[in-house]
Amino acid sequence: MSTLDGTSSPRATTERRNDDPVRQRRRVYIASAIGSTIEYYDFLIYATAASLVFAPVFFAGSSPAVALIASFGTLAVGYLARPLGGIIFGHFGDRIGRKSSLIWTLSIMGVATVSIGLLPTPDKIGVLAPILLVALRLVQGIAVGGEWGGAVLMAVEHANTKSRGFYGSATQMGASAGLLLSFAAFAALGSLSEEQFLSWGWRLPFLVTVVLVGIGMYIRLGVHESPVLLAEKREERTEEEPRRAPLLALLRGRPGRVLLGIGVYAGPFMAYAVATSLLVTYAHKDFGIPRQTLLNAMMIGTAGMLLTVPLFAWLSDRYGRRPVYVTAALLTAIHAFAMFPLVTSGSFPLILLSYVISMTVLNAAANGPVPALLAELFPTASRYTGVSLCYQFAGMIGGGLGPLLAATFIAPGGPGSIAVSVMISALCIVAALSVGALGETRTVDLRNA
């Protein structure tokens, strides 16, 4: 569109800018990062609350060990629900669009998180309180289960082949930033007394979600649909026979890749989940290490990931997904035996060292390449479903069952922390073997995967 004097109108100039591929890639990168920051902040403040709050607040009538297991049981529910969310939103994301699914996941997560912040305690509504807590955690799990795959694909499918790892890391950057914000939110309450913190202080991080969701929704509404998916839809309209549902197409056509994809991230996921939830409770309750000391160390380790996640993703673009990821998985298997002694030592430098190694280096090295790696395994018509299944089942095993089993291991009469380290190490070795079996994927053409 032009004006009478032949110059372009402001509206036409804006439209051209919005259609510029480089500008759109940047916008999608930012939208994926910020949207994931909000989603994972909401999901992960629950993990911090489960380790510090929910046992004495919602399960006060039980012994400390049973209350802790019950608290981590509610945490596990969210991870158990994530594959369901991946299947539901993966189906609609593959059949209808990535963008619309992401709008729904953000909305649902916001409502569930604010509701947890407003939830009455058992002394007011009795047994209904922990039941509602579990139900809302279930909704959180479904929402975040649908979020990750869509956010990854919006970034990866907008990127060119040589930079898919870097653009895919936007979601992992967001997850790291969300984790950092969740720690910061609780660390900011450090001046409260134990009574104030347990009575009302813990609710504030959940209620802040109202503002964050509004920001995320504004940004997310401004991005374009995935060009790879749009091309797939144009091709699908020319076909005479309807395609199978994405889940059925995957399970019939690529079941081996789905299983190997799950194996890729379960071990590193478990190492991260145990370090950021159960280990905090264990060190605080059994060794008397101040809660603030542990949160400070985790915040520093997580802040470092904001730099190292895109670095390792870029390295996977340059040298390959397999060498970066296999190295990270094997080193995580070794560090699993060091993190408990280091964190429970009571020495802040040693605690900090453990979290810098486990999060700034090892978790970042696994987190950076994994979005692009999983996206490169599946065809466009079922990619949202495939990526979500792999990542969310890995999350269910590593992030849900991992801390729950670990809590039973360290309970009185259990085998102790060494059993937790063996469990993490074994799954990290499985991760390395899975990536080796899948082979290198960085040169795959997403339109013909």
# chains A, B, ... in the order shown; residues from 1 in each chain; ligands from 1
$ residues_around --residues "segment 398-401 of chain A" --least-positions-apart "6" --cutoff "8 Å" --atoms "only C-alpha atoms" --output "PyMOL selection string"
chain A and resi 75-80+266-274
$ residues_around --residues "Gly35 of chain A" --least-positions-apart "5" --cutoff "9 Å" --atoms "only C-alpha atoms" --output "ChimeraX atom specification"
/A:30,40,102,106,147,151,171,174,213,215-217,219-220
$ closest_residue --among "A:Ser226, A:Ser163, A:Gln172, A:Thr121" --to "Trp314 of chain A" --atoms "only C-alpha atoms"
A:Ser163
$ atom_distance --atom1 "atom CA of Leu180 of chain A" --atom2 "atom CA of Asn296 of chain A"
10.2 Å
$ atom_distance --atom1 "atom CA of Tyr218 of chain A" --atom2 "atom CA of Ala33 of chain A"
13.6 Å
